[in-house]
Structures are given as C-alpha cells and as structure tokens.
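Shown below: input.tsv, with TSV, C-alpha atoms.
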```tsv
chain	number	residue	atom	x	y	z
A	1	MET	CA	-150.57	-101.14	112.78
A	2	LYS	CA	-149.35	-104.74	113.07
A	3	ASN	CA	-145.70	-105.82	112.63
A	4	ILE	CA	-145.17	-108.93	110.53
A	5	LEU	CA	-142.53	-110.78	108.54
A	6	TRP	CA	-143.11	-111.22	104.82
A	7	LEU	CA	-141.50	-114.04	102.84
A	8	ASP	CA	-140.91	-114.00	99.07
A	9	ALA	CA	-139.23	-117.07	97.62
A	10	SER	CA	-138.82	-118.87	94.33
A	11	ASP	CA	-136.52	-121.49	92.90
A	12	LYS	CA	-135.46	-122.67	89.48
A	13	LEU	CA	-136.42	-126.32	90.05
A	14	ASN	CA	-139.88	-126.10	88.56
A	15	ALA	CA	-140.78	-123.26	86.20
A	16	ASP	CA	-144.50	-123.94	86.71
A	17	GLU	CA	-144.19	-123.19	90.43
A	18	LEU	CA	-143.11	-119.57	90.56
A	19	GLY	CA	-142.71	-119.42	94.30
A	20	ILE	CA	-144.46	-118.20	97.39
A	21	SER	CA	-145.30	-114.95	99.15
A	22	MET	CA	-146.72	-115.07	102.63
A	23	ALA	CA	-147.17	-113.10	105.82
A	24	ASP	CA	-145.73	-114.36	109.11
A	25	PRO	CA	-144.20	-117.60	107.85
A	26	ILE	CA	-143.13	-120.23	110.35
A	27	TRP	CA	-139.36	-120.74	110.55
A	28	GLU	CA	-139.51	-124.20	108.96
A	29	ARG	CA	-141.06	-122.69	105.81
A	30	VAL	CA	-138.29	-120.08	105.56
A	31	GLU	CA	-135.63	-122.72	106.20
A	32	SER	CA	-136.99	-125.07	103.53
A	33	ARG	CA	-137.06	-122.27	100.93
A	34	ILE	CA	-133.42	-121.40	101.74
A	35	PHE	CA	-132.40	-125.03	101.21
A	36	ARG	CA	-134.38	-125.27	97.93
A	37	ALA	CA	-132.94	-122.05	96.52
A	38	PHE	CA	-129.41	-123.06	97.55
A	39	GLU	CA	-129.78	-126.50	95.97
A	40	PHE	CA	-131.55	-125.54	92.73
A	41	GLY	CA	-130.95	-121.80	92.38
A	42	GLY	CA	-133.49	-119.10	93.12
A	43	GLN	CA	-134.13	-116.36	95.59
A	44	VAL	CA	-135.40	-115.83	99.12
A	45	LYS	CA	-136.28	-112.48	100.68
A	46	LEU	CA	-137.46	-111.96	104.22
A	47	TRP	CA	-138.94	-108.54	104.95
A	48	ASP	CA	-139.75	-106.72	108.14
A	49	ALA	CA	-143.15	-105.26	107.34
A	50	ASN	CA	-146.27	-103.91	108.89
A	51	ILE	CA	-149.94	-103.87	108.01
A	52	ASP	CA	-151.59	-100.50	108.37
A	53	ASP	CA	-155.11	-99.96	109.58
A	54	ASP	CA	-156.16	-99.71	105.92
A	55	GLU	CA	-154.80	-103.29	105.39
A	56	LYS	CA	-151.92	-102.12	103.17
A	57	ILE	CA	-148.65	-103.99	103.66
A	58	ARG	CA	-145.59	-101.77	104.03
A	59	LEU	CA	-142.34	-103.60	103.34
A	60	ARG	CA	-139.29	-102.15	105.08
A	61	THR	CA	-135.93	-103.71	105.94
A	62	HIS	CA	-135.09	-107.01	104.24
A	63	LEU	CA	-132.51	-109.74	103.90
A	64	GLY	CA	-132.19	-111.31	100.48
A	65	MET	CA	-130.46	-114.36	99.05
A	66	GLU	CA	-129.84	-114.82	95.32
A	67	SER	CA	-128.65	-118.34	94.51
A	68	ASN	CA	-127.11	-120.48	91.86
A	69	PRO	CA	-126.95	-124.18	92.75
A	70	GLY	CA	-124.47	-124.50	95.63
A	71	GLU	CA	-123.70	-120.80	96.05
A	72	CYS	CA	-125.43	-117.59	96.99
A	73	ARG	CA	-125.04	-113.89	97.60
A	74	LEU	CA	-126.58	-112.37	100.72
A	75	ILE	CA	-127.75	-108.75	100.60
A	76	TYR	CA	-129.11	-106.76	103.55
A	77	SER	CA	-131.17	-103.68	102.78
A	78	PRO	CA	-132.18	-101.66	105.84
A	79	HIS	CA	-135.10	-99.25	105.85
A	80	LYS	CA	-134.00	-95.97	104.32
A	81	GLU	CA	-135.31	-92.49	104.98
A	82	LEU	CA	-135.94	-90.17	102.03
A	83	GLY	CA	-132.77	-88.41	100.92
A	84	GLU	CA	-130.54	-90.86	102.77
A	85	ARG	CA	-127.66	-92.52	100.94
A	86	SER	CA	-128.00	-96.28	100.48
A	87	LYS	CA	-127.08	-98.40	103.48
A	88	ILE	CA	-127.20	-101.66	101.53
A	89	ARG	CA	-124.73	-104.22	102.81
A	90	GLU	CA	-123.49	-107.50	101.33
A	91	TRP	CA	-122.01	-110.58	102.95
A	92	TRP	CA	-118.21	-111.00	102.68
A	93	GLU	CA	-116.30	-114.09	103.72
A	94	PRO	CA	-114.60	-113.48	107.07
A	95	GLY	CA	-110.91	-112.71	107.38
A	96	ASP	CA	-108.43	-110.86	105.25
A	97	GLU	CA	-108.13	-113.25	102.34
A	98	PRO	CA	-106.52	-111.51	99.36
A	99	PHE	CA	-108.44	-110.89	96.16
A	100	ARG	CA	-108.53	-114.10	94.12
A	101	GLY	CA	-110.62	-113.02	91.17
A	102	THR	CA	-114.25	-112.68	90.27
A	103	THR	CA	-117.13	-115.09	89.88
A	104	ASN	CA	-119.78	-114.77	87.20
A	105	PHE	CA	-122.97	-114.78	89.22
A	106	LEU	CA	-126.35	-114.06	87.61
A	107	ASP	CA	-124.72	-112.35	84.61
A	108	HIS	CA	-122.49	-110.06	86.69
A	109	GLU	CA	-118.90	-110.36	87.82
A	110	TRP	CA	-118.60	-110.25	91.62
A	111	ASP	CA	-115.58	-110.42	93.90
A	112	ASP	CA	-115.39	-114.12	94.75
A	113	ARG	CA	-115.22	-113.26	98.46
A	114	THR	CA	-118.88	-112.09	98.26
A	115	VAL	CA	-120.15	-115.46	97.01
A	116	CYS	CA	-121.09	-117.79	99.86
A	117	ARG	CA	-120.81	-121.54	99.33
A	118	ASP	CA	-121.94	-122.63	102.82
A	119	VAL	CA	-125.71	-122.80	103.31
A	120	SER	CA	-125.26	-122.67	107.11
A	121	VAL	CA	-124.14	-119.03	106.81
A	122	ALA	CA	-127.39	-118.14	105.05
A	123	LEU	CA	-129.42	-120.10	107.58
A	124	GLU	CA	-127.78	-118.30	110.52
A	125	MET	CA	-128.30	-114.84	109.03
A	126	PHE	CA	-131.91	-115.53	108.08
A	127	ARG	CA	-132.62	-117.00	111.54
A	128	ASP	CA	-131.21	-113.83	113.13
A	129	PHE	CA	-133.43	-111.68	110.91
A	130	TYR	CA	-136.43	-113.95	111.53
A	131	GLU	CA	-136.10	-113.71	115.30
A	132	HIS	CA	-135.33	-109.96	115.52
A	133	HIS	CA	-137.04	-108.53	112.39
A	134	ASP	CA	-133.58	-107.16	111.58
A	135	LEU	CA	-129.95	-108.23	111.75
A	136	THR	CA	-128.12	-108.03	115.05
A	137	GLU	CA	-124.48	-106.96	115.34
A	138	ALA	CA	-123.30	-110.59	115.09
A	139	SER	CA	-124.73	-110.85	111.58
A	140	LEU	CA	-123.95	-107.29	110.55
A	141	SER	CA	-120.29	-107.89	111.35
A	142	GLN	CA	-120.22	-110.38	108.44
A	143	THR	CA	-121.32	-107.69	105.99
A	144	ARG	CA	-119.83	-104.60	104.44
A	145	SER	CA	-121.41	-101.54	102.90
A	146	VAL	CA	-121.53	-101.62	99.11
A	147	TRP	CA	-119.57	-98.34	99.41
A	148	ASP	CA	-116.81	-99.98	101.51
A	149	ARG	CA	-115.65	-103.03	99.60
A	150	LYS	CA	-112.52	-104.98	100.52
A	151	PRO	CA	-109.45	-104.00	98.50
A	152	ARG	CA	-108.42	-105.93	95.42
```
As structure tokens, the full file:
Amino acid sequence: MKNILWLDASDKLNADELGISMADPIWERVESRIFRAFEFGGQVKLWDANIDDDEKIRLRTHLGMESNPGECRLIYSPHKELGERSKIREWWEPGDEPFRGTTNFLDHEWDDRTVCRDVSVALEMFRDFYEHHDLTEASLSQTRSVWDRKPR
C-alpha cells in the first residue's frame, strides 16, 4: 500500500475545462487551483489516500473548499469508521463575533461567520493538510464540528 495525496479541482471560469484530478500533486499546482477557484468560483478538494496492491485508490480524510468569486467555505472531513457519527468540521472566523446574519452561498443560507473572504486562510489550511496528510491542531482550532455551531 502506498500513501498519496489526491487533488480534485474545478473552477467556473471555463465550462469546457471541467477541472483536474491527480495523484501526488506538487504544492504549486494545489496553490494555483485554490487561487483560481477563489477568483472565479469553483471547488478544490485535497484527499489523503492510498493505493492498494490491486491499484485501487482509497480516498480517506479530505479538506474541501467551495468557492464563489472572492469567498469560500472550508470543510474538513476526517476518515470515519463504520457506525461512527460524523466528525465533519467547518471553518469559522476566529473570535466571538456576534451573529450578523446569513449569506446565500451555493443556494443555501449559511451563518456569515462560516464564509471566508481571505484566500490566505485557505492557503494556510491546505498547506497544513498537504504537508501532514491531515490537519494539525493549529488548523483544527479554526474549525468547529457541524454539531457544535456558534450561537446565534
């Protein structure tokens, strides 16, 4: 079995170019896809994966970014054992800012504090995942469980 990273990315700039999927991308490729998705809208997912002896790719933990131009939502989905409750986490802006309303994002209303408008935050979290095949505590501390949202 071989551990790899798997990149899935697409943007809304050019409908004819649906995106890319690749094993073990170099950081510059991941970084450029984050910038493109943030600028034009789209998505980027970086997976911790492995290739079995039978050449099947097994995707496990991943960090995902869904973007509209100039804003994104960051979702972390750790590997889950059967029967285990979801451990999905989402990025929340730091601090104890009070609820200020919702933002319509990809046809859903989300607490505005979960919509990131600073591409450097996405770059830092993806770099952490890229280097460690998972998020470290520094990045995890910027997220909350979908079952433990900040109060309105």
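Using all atoms listed in the file, the smallest distance between any of A:Asp53, A:Glu90, A:Asp96, A:Asp148 and Trp110 in chain A comes from A:Glu90.
Among the candidates A:Ile57, A:Cys72, A:Ala37, A:Ile20, the one nearest to Arg117 in chain A when counting only C-alpha atoms is A:Cys72.
Between CA of Gln142 in chain A and CA of Arg36 in chain A lies a distance of 23.1 Å.
Remark: for Leu74 in chain A, the closest of the candidate residues A:Arg29, A:Arg144, A:Lys2, A:His133 is A:Arg144 (distances computed over all atoms listed in the file).
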Given 8 Å on each side, where is the centre and what are the edge lengths in Å to one decimal of the axis-aligned box enclosing the listed atoms of range 111-122 of chain A, as AutoDock Vina command-line options?
```
--center_x -121.3 --center_y -116.6 --center_z 100.5 --size_x 28.2 --size_y 28.4 --size_z 29.2
```
Would you kindly return, as a ChimeraX atom specification, each protein, DNA or RNA residue with an atom no farther than 10 Å from any atom of Arg73 in chain A, considering only C-alpha atoms and excluding same-chain residues fewer than 6 positions away? /A:43,64-67,90-92,105,110,113-117,122
**Asked** Near Ile88 in chain A, counting all atoms listed in the file, which residues have an atom at most 12 Å away, once you skip same-chain residues fewer than 4 positions from it, shown as a PyMOL selection string?
**Response** chain A and resi 61-64+74-80+84+140+143-149
Please dump the current selection as a PDB file, keeping the file's coordinate frame; keep C-alpha atoms.
```pdb
ATOM      1  CA  THR A  61    -135.930-103.710 105.940  1.00  0.00           C
ATOM      2  CA  HIS A  62    -135.090-107.010 104.240  1.00  0.00           C
ATOM      3  CA  LEU A  63    -132.510-109.740 103.900  1.00  0.00           C
ATOM      4  CA  GLY A  64    -132.190-111.310 100.480  1.00  0.00           C
ATOM      5  CA  LEU A  74    -126.580-112.370 100.720  1.00  0.00           C
ATOM      6  CA  ILE A  75    -127.750-108.750 100.600  1.00  0.00           C
ATOM      7  CA  TYR A  76    -129.110-106.760 103.550  1.00  0.00           C
ATOM      8  CA  SER A  77    -131.170-103.680 102.780  1.00  0.00           C
ATOM      9  CA  PRO A  78    -132.180-101.660 105.840  1.00  0.00           C
ATOM     10  CA  HIS A  79    -135.100 -99.250 105.850  1.00  0.00           C
ATOM     11  CA  LYS A  80    -134.000 -95.970 104.320  1.00  0.00           C
ATOM     12  CA  GLU A  84    -130.540 -90.860 102.770  1.00  0.00           C
ATOM     13  CA  LEU A 140    -123.950-107.290 110.550  1.00  0.00           C
ATOM     14  CA  THR A 143    -121.320-107.690 105.990  1.00  0.00           C
ATOM     15  CA  ARG A 144    -119.830-104.600 104.440  1.00  0.00           C
ATOM     16  CA  SER A 145    -121.410-101.540 102.900  1.00  0.00           C
ATOM     17  CA  VAL A 146    -121.530-101.620  99.110  1.00  0.00           C
ATOM     18  CA  TRP A 147    -119.570 -98.340  99.410  1.00  0.00           C
ATOM     19  CA  ASP A 148    -116.810 -99.980 101.510  1.00  0.00           C
ATOM     20  CA  ARG A 149    -115.650-103.030  99.600  1.00  0.00           C
TER      21      ARG A 149
END
```
